[in-house]
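One file, protein-v3.cif, carrying mmCIF, C-alpha atoms:
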```cif
data_run
#
loop_
_atom_site.label_atom_id
_atom_site.label_comp_id
_atom_site.auth_asym_id
_atom_site.auth_seq_id
_atom_site.Cartn_x
_atom_site.Cartn_y
_atom_site.Cartn_z
CA MET U 1 5.52 -17.75 -25.19
CA LYS U 2 1.84 -18.55 -24.76
CA ALA U 3 -0.77 -15.86 -25.30
CA ARG U 4 -1.86 -16.18 -21.66
CA GLU U 5 1.67 -15.43 -20.43
CA GLU U 6 2.00 -12.52 -22.83
CA ASP U 7 -1.34 -11.08 -21.65
CA PHE U 8 -0.25 -11.42 -18.02
CA LEU U 9 3.12 -9.75 -18.64
CA GLU U 10 1.36 -6.90 -20.44
CA LEU U 11 -0.95 -6.40 -17.43
CA ILE U 12 2.05 -6.31 -15.11
CA LYS U 13 3.78 -3.80 -17.35
CA GLN U 14 0.67 -1.58 -17.55
CA HIS U 15 0.14 -1.61 -13.78
CA GLU U 16 3.68 -1.81 -12.45
CA ARG U 17 3.25 1.57 -10.74
CA LEU U 18 0.49 0.07 -8.58
CA ILE U 19 2.73 -2.84 -7.54
CA TYR U 20 5.70 -0.61 -6.73
CA LYS U 21 3.58 1.93 -4.84
CA ILE U 22 2.13 -0.75 -2.57
CA SER U 23 5.57 -2.30 -2.07
CA PHE U 24 7.07 1.06 -1.16
CA ASN U 25 4.32 1.75 1.36
CA TYR U 26 4.77 -1.59 3.11
CA CYS U 27 8.57 -1.93 2.96
CA ARG U 28 11.15 0.78 3.51
CA ASP U 29 14.08 -1.59 3.08
CA ALA U 30 15.04 -1.90 -0.62
CA LYS U 31 15.71 -5.64 -0.42
CA ASP U 32 12.40 -6.32 1.31
CA ARG U 33 10.67 -4.13 -1.25
CA GLU U 34 12.17 -6.17 -4.11
CA ASP U 35 11.09 -9.39 -2.38
CA LEU U 36 7.58 -8.03 -1.94
CA VAL U 37 7.35 -6.98 -5.60
CA GLN U 38 8.33 -10.51 -6.63
CA GLU U 39 5.84 -12.04 -4.19
CA ILE U 40 3.03 -9.80 -5.48
CA ILE U 41 3.78 -10.75 -9.09
CA PHE U 42 3.89 -14.43 -8.11
CA GLN U 43 0.55 -14.17 -6.31
CA LEU U 44 -0.95 -12.31 -9.27
CA TRP U 45 0.24 -15.08 -11.58
CA LYS U 46 -1.26 -17.75 -9.29
CA SER U 47 -4.61 -15.97 -9.21
CA TYR U 48 -4.60 -14.95 -12.88
CA PRO U 49 -6.56 -18.01 -14.08
CA GLY U 50 -9.39 -17.01 -11.71
CA PHE U 51 -9.50 -13.39 -12.85
CA LYS U 52 -12.93 -12.47 -14.15
CA PRO U 53 -12.79 -10.01 -17.07
CA ASP U 54 -16.02 -8.34 -15.93
CA PHE U 55 -14.06 -6.80 -13.01
CA LYS U 56 -11.59 -3.96 -13.39
CA VAL U 57 -8.03 -5.22 -13.74
CA SER U 58 -6.77 -2.59 -11.30
CA THR U 59 -9.30 -3.69 -8.67
CA TRP U 60 -8.17 -7.31 -8.93
CA MET U 61 -4.50 -6.30 -8.86
CA TYR U 62 -4.98 -4.01 -5.85
CA LYS U 63 -6.78 -6.75 -3.96
CA VAL U 64 -4.08 -9.36 -4.61
CA ALA U 65 -1.23 -6.87 -4.05
CA LEU U 66 -2.63 -5.51 -0.79
CA ASN U 67 -3.40 -8.96 0.61
CA THR U 68 0.11 -10.06 -0.29
CA ALA U 69 1.65 -6.92 1.22
CA VAL U 70 -0.31 -7.28 4.46
CA SER U 71 0.73 -10.94 4.75
CA PHE U 72 4.33 -10.05 3.95
CA TYR U 73 4.27 -7.24 6.49
CA ARG U 74 2.89 -9.50 9.21
CA LYS U 75 5.38 -12.24 8.40
CA HIS U 76 8.43 -9.96 8.30
CA GLY U 77 7.22 -7.21 10.62
CA LYS U 78 8.24 -8.86 13.88
CA LYS U 79 11.91 -9.01 12.98
CA LYS U 80 11.84 -5.45 11.70
CA GLU U 81 10.48 -3.85 14.92
CA GLN U 82 13.82 -2.27 15.76
CA GLU U 83 14.11 -0.81 12.26
CA ILE U 84 10.58 0.57 12.55
CA ALA U 85 11.52 2.23 15.84
CA LEU U 86 14.40 3.93 14.04
CA GLU U 87 12.05 5.06 11.28
CA HIS U 88 9.78 6.66 13.88
CA SER U 89 12.71 8.61 15.25
CA ASN U 90 13.44 9.78 11.70
CA VAL U 91 9.81 10.88 11.37
CA HIS U 92 10.18 12.88 14.57
CA SER U 93 13.22 14.68 13.19
CA LEU U 94 11.24 15.47 10.05
CA GLN U 95 8.42 16.83 12.18
CA THR U 96 10.70 19.23 14.00
CA ALA U 97 12.14 20.57 10.75
CA SER U 98 10.65 23.57 9.01
CA THR U 99 7.33 22.67 7.42
CA ASP U 100 7.02 25.60 5.08
CA SER U 101 7.22 23.50 1.93
CA LYS U 102 4.62 21.03 0.68
CA ASP U 103 7.35 18.43 0.13
CA GLU U 104 8.19 18.37 3.81
CA GLN U 105 4.51 18.11 4.74
CA LEU U 106 4.16 15.17 2.35
CA LYS U 107 7.14 13.45 3.94
CA ILE U 108 5.57 13.90 7.35
CA LEU U 109 2.24 12.55 6.07
CA GLU U 110 4.05 9.53 4.61
CA GLY U 111 5.61 8.94 8.02
CA PHE U 112 2.22 9.10 9.72
CA ILE U 113 0.78 6.69 7.15
CA GLN U 114 3.66 4.28 7.80
CA GLU U 115 2.61 4.19 11.45
CA LEU U 116 -0.89 2.95 10.60
CA GLU U 117 -1.88 -0.69 10.94
CA PRO U 118 -1.78 -2.60 7.62
CA VAL U 119 -5.51 -2.45 6.82
CA SER U 120 -5.78 1.26 7.64
CA LYS U 121 -2.68 1.90 5.56
CA ALA U 122 -4.26 0.05 2.63
CA LEU U 123 -7.49 2.03 2.92
CA ILE U 124 -5.83 5.44 2.96
CA ILE U 125 -3.42 4.53 0.15
CA LEU U 126 -6.32 3.43 -2.04
CA GLN U 127 -8.20 6.64 -1.34
CA LEU U 128 -5.13 8.74 -2.07
CA GLU U 129 -4.88 6.84 -5.36
CA GLY U 130 -8.36 8.13 -6.22
CA GLU U 131 -10.28 4.89 -5.75
CA SER U 132 -13.97 5.23 -4.88
CA ILE U 133 -15.42 3.93 -1.61
CA ALA U 134 -17.22 1.19 -3.59
CA SER U 135 -13.98 0.16 -5.30
CA ILE U 136 -12.03 0.18 -2.02
CA ALA U 137 -14.74 -1.94 -0.39
CA GLN U 138 -14.49 -4.48 -3.19
CA ILE U 139 -10.69 -4.56 -3.03
CA VAL U 140 -10.38 -5.04 0.73
CA GLY U 141 -13.51 -7.10 1.22
CA LEU U 142 -15.34 -4.75 3.60
CA SER U 143 -18.74 -3.10 3.30
CA GLU U 144 -18.86 0.41 1.84
CA THR U 145 -20.18 1.72 5.17
CA ASN U 146 -17.30 0.11 7.04
CA VAL U 147 -14.76 1.55 4.59
CA ALA U 148 -16.26 5.03 4.83
CA THR U 149 -16.28 4.87 8.64
CA LYS U 150 -12.70 3.62 8.84
CA LEU U 151 -11.49 6.26 6.38
CA SER U 152 -13.20 8.99 8.36
CA ARG U 153 -11.46 7.80 11.54
CA ILE U 154 -8.11 7.54 9.78
CA LYS U 155 -8.42 11.08 8.44
CA LYS U 156 -9.33 12.41 11.89
CA SER U 157 -6.36 10.60 13.39
CA LEU U 158 -3.98 11.98 10.75
CA ALA U 159 -5.40 15.49 11.21
CA GLN U 160 -4.86 15.23 14.98
CA LYS U 161 -1.26 14.14 14.44
CA PHE U 162 -0.65 17.14 12.20
CA LYS U 163 -2.35 19.43 14.71
CA SER U 164 -0.31 18.06 17.62
CA GLN U 165 2.86 18.81 15.66
CA ASN U 166 1.66 22.38 14.91
CA ILE U 167 1.80 21.68 11.19
#
```

How does this structure look as structure tokens?
Amino acid sequence: MKAREEDFLELIKQHERLIYKISFNYCRDAKDREDLVQEIIFQLWKSYPGFKPDFKVSTWMYKVALNTAVSFYRKHGKKKEQEIALEHSNVHSLQTASTDSKDEQLKILEGFIQELEPVSKALIILQLEGESIASIAQIVGLSETNVATKLSRIKKSLAQKFKSQNI
């Protein structure tokens, strides 16, 4: 195997959590999730020759993975609308359950995040992963001001959803 291929496979191995986390957040169906993981790895391989070592590997991978996930979501989202409607009803049943434990609150938050549009979902996931505003801006291709504004609005929206559910 060529050194380039070995280097690429090592990067994938080191950052597989990133790929799977994005896939999980954009696809609830296991088969779709597997397809998305494969598509992300394929897109990473295609863009690997253009990767500039002066950038963080995780930033490059997030950017490619999120763009791939958003495209995948848009492409496959139309035929999954009925499944999404069912997911929302599942979220509602979670919301009416006892919310004493942190685990249940996290499940509800995950449900709320799933309801967000793809770009908003990407922004909040990156922030929850601990990425800085500057890093998020670079990954999604928006200005830092725009990212900060959008994140503020997303957080307010999520807080209102929690408040409306008396959580």

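With only C-alpha atoms taken into account, the protein and nucleic acid residues at most 9 Å from range 4-15 of chain U (excluding it and anything under 4 positions from it in its own chain) are Ile19, Ile41, Leu44, Trp45, Tyr48, Val57, Ser58 and Met61 of chain U.
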
Could you pull the residues within 12 Å of range 137-152 of chain U, counting all atoms listed in the file, minus those fewer than 2 positions along the same chain, as a PDB file with C-alpha atoms, keeping the file's coordinate frame?
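Okay, this is what ended up in part-v9.pdb:
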```
ATOM      1  CA  PHE U  55     -14.060  -6.800 -13.010  1.00  0.00           C
ATOM      2  CA  LYS U  56     -11.590  -3.960 -13.390  1.00  0.00           C
ATOM      3  CA  VAL U  57      -8.030  -5.220 -13.740  1.00  0.00           C
ATOM      4  CA  SER U  58      -6.770  -2.590 -11.300  1.00  0.00           C
ATOM      5  CA  THR U  59      -9.300  -3.690  -8.670  1.00  0.00           C
ATOM      6  CA  TRP U  60      -8.170  -7.310  -8.930  1.00  0.00           C
ATOM      7  CA  MET U  61      -4.500  -6.300  -8.860  1.00  0.00           C
ATOM      8  CA  TYR U  62      -4.980  -4.010  -5.850  1.00  0.00           C
ATOM      9  CA  LYS U  63      -6.780  -6.750  -3.960  1.00  0.00           C
ATOM     10  CA  VAL U  64      -4.080  -9.360  -4.610  1.00  0.00           C
ATOM     11  CA  ALA U  65      -1.230  -6.870  -4.050  1.00  0.00           C
ATOM     12  CA  LEU U  66      -2.630  -5.510  -0.790  1.00  0.00           C
ATOM     13  CA  ASN U  67      -3.400  -8.960   0.610  1.00  0.00           C
ATOM     14  CA  THR U  68       0.110 -10.060  -0.290  1.00  0.00           C
ATOM     15  CA  VAL U  70      -0.310  -7.280   4.460  1.00  0.00           C
ATOM     16  CA  LEU U 116      -0.890   2.950  10.600  1.00  0.00           C
ATOM     17  CA  GLU U 117      -1.880  -0.690  10.940  1.00  0.00           C
ATOM     18  CA  PRO U 118      -1.780  -2.600   7.620  1.00  0.00           C
ATOM     19  CA  VAL U 119      -5.510  -2.450   6.820  1.00  0.00           C
ATOM     20  CA  SER U 120      -5.780   1.260   7.640  1.00  0.00           C
ATOM     21  CA  LYS U 121      -2.680   1.900   5.560  1.00  0.00           C
ATOM     22  CA  ALA U 122      -4.260   0.050   2.630  1.00  0.00           C
ATOM     23  CA  LEU U 123      -7.490   2.030   2.920  1.00  0.00           C
ATOM     24  CA  ILE U 124      -5.830   5.440   2.960  1.00  0.00           C
ATOM     25  CA  ILE U 125      -3.420   4.530   0.150  1.00  0.00           C
ATOM     26  CA  LEU U 126      -6.320   3.430  -2.040  1.00  0.00           C
ATOM     27  CA  GLN U 127      -8.200   6.640  -1.340  1.00  0.00           C
ATOM     28  CA  LEU U 128      -5.130   8.740  -2.070  1.00  0.00           C
ATOM     29  CA  GLU U 131     -10.280   4.890  -5.750  1.00  0.00           C
ATOM     30  CA  SER U 132     -13.970   5.230  -4.880  1.00  0.00           C
ATOM     31  CA  ILE U 133     -15.420   3.930  -1.610  1.00  0.00           C
ATOM     32  CA  ALA U 134     -17.220   1.190  -3.590  1.00  0.00           C
ATOM     33  CA  SER U 135     -13.980   0.160  -5.300  1.00  0.00           C
ATOM     34  CA  ILE U 154      -8.110   7.540   9.780  1.00  0.00           C
ATOM     35  CA  LYS U 155      -8.420  11.080   8.440  1.00  0.00           C
ATOM     36  CA  LYS U 156      -9.330  12.410  11.890  1.00  0.00           C
ATOM     37  CA  SER U 157      -6.360  10.600  13.390  1.00  0.00           C
ATOM     38  CA  LEU U 158      -3.980  11.980  10.750  1.00  0.00           C
ATOM     39  CA  ALA U 159      -5.400  15.490  11.210  1.00  0.00           C
TER      40      ALA U 159
END
```

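The spacing separating CA of Lys31 in chain U from CA of Glu104 in chain U amounts to 25.5 Å.
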
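For the atom pair formed by CA of Lys46 in chain U and CA of Asp32 in chain U, the distance is 20.7 Å, given to one decimal.
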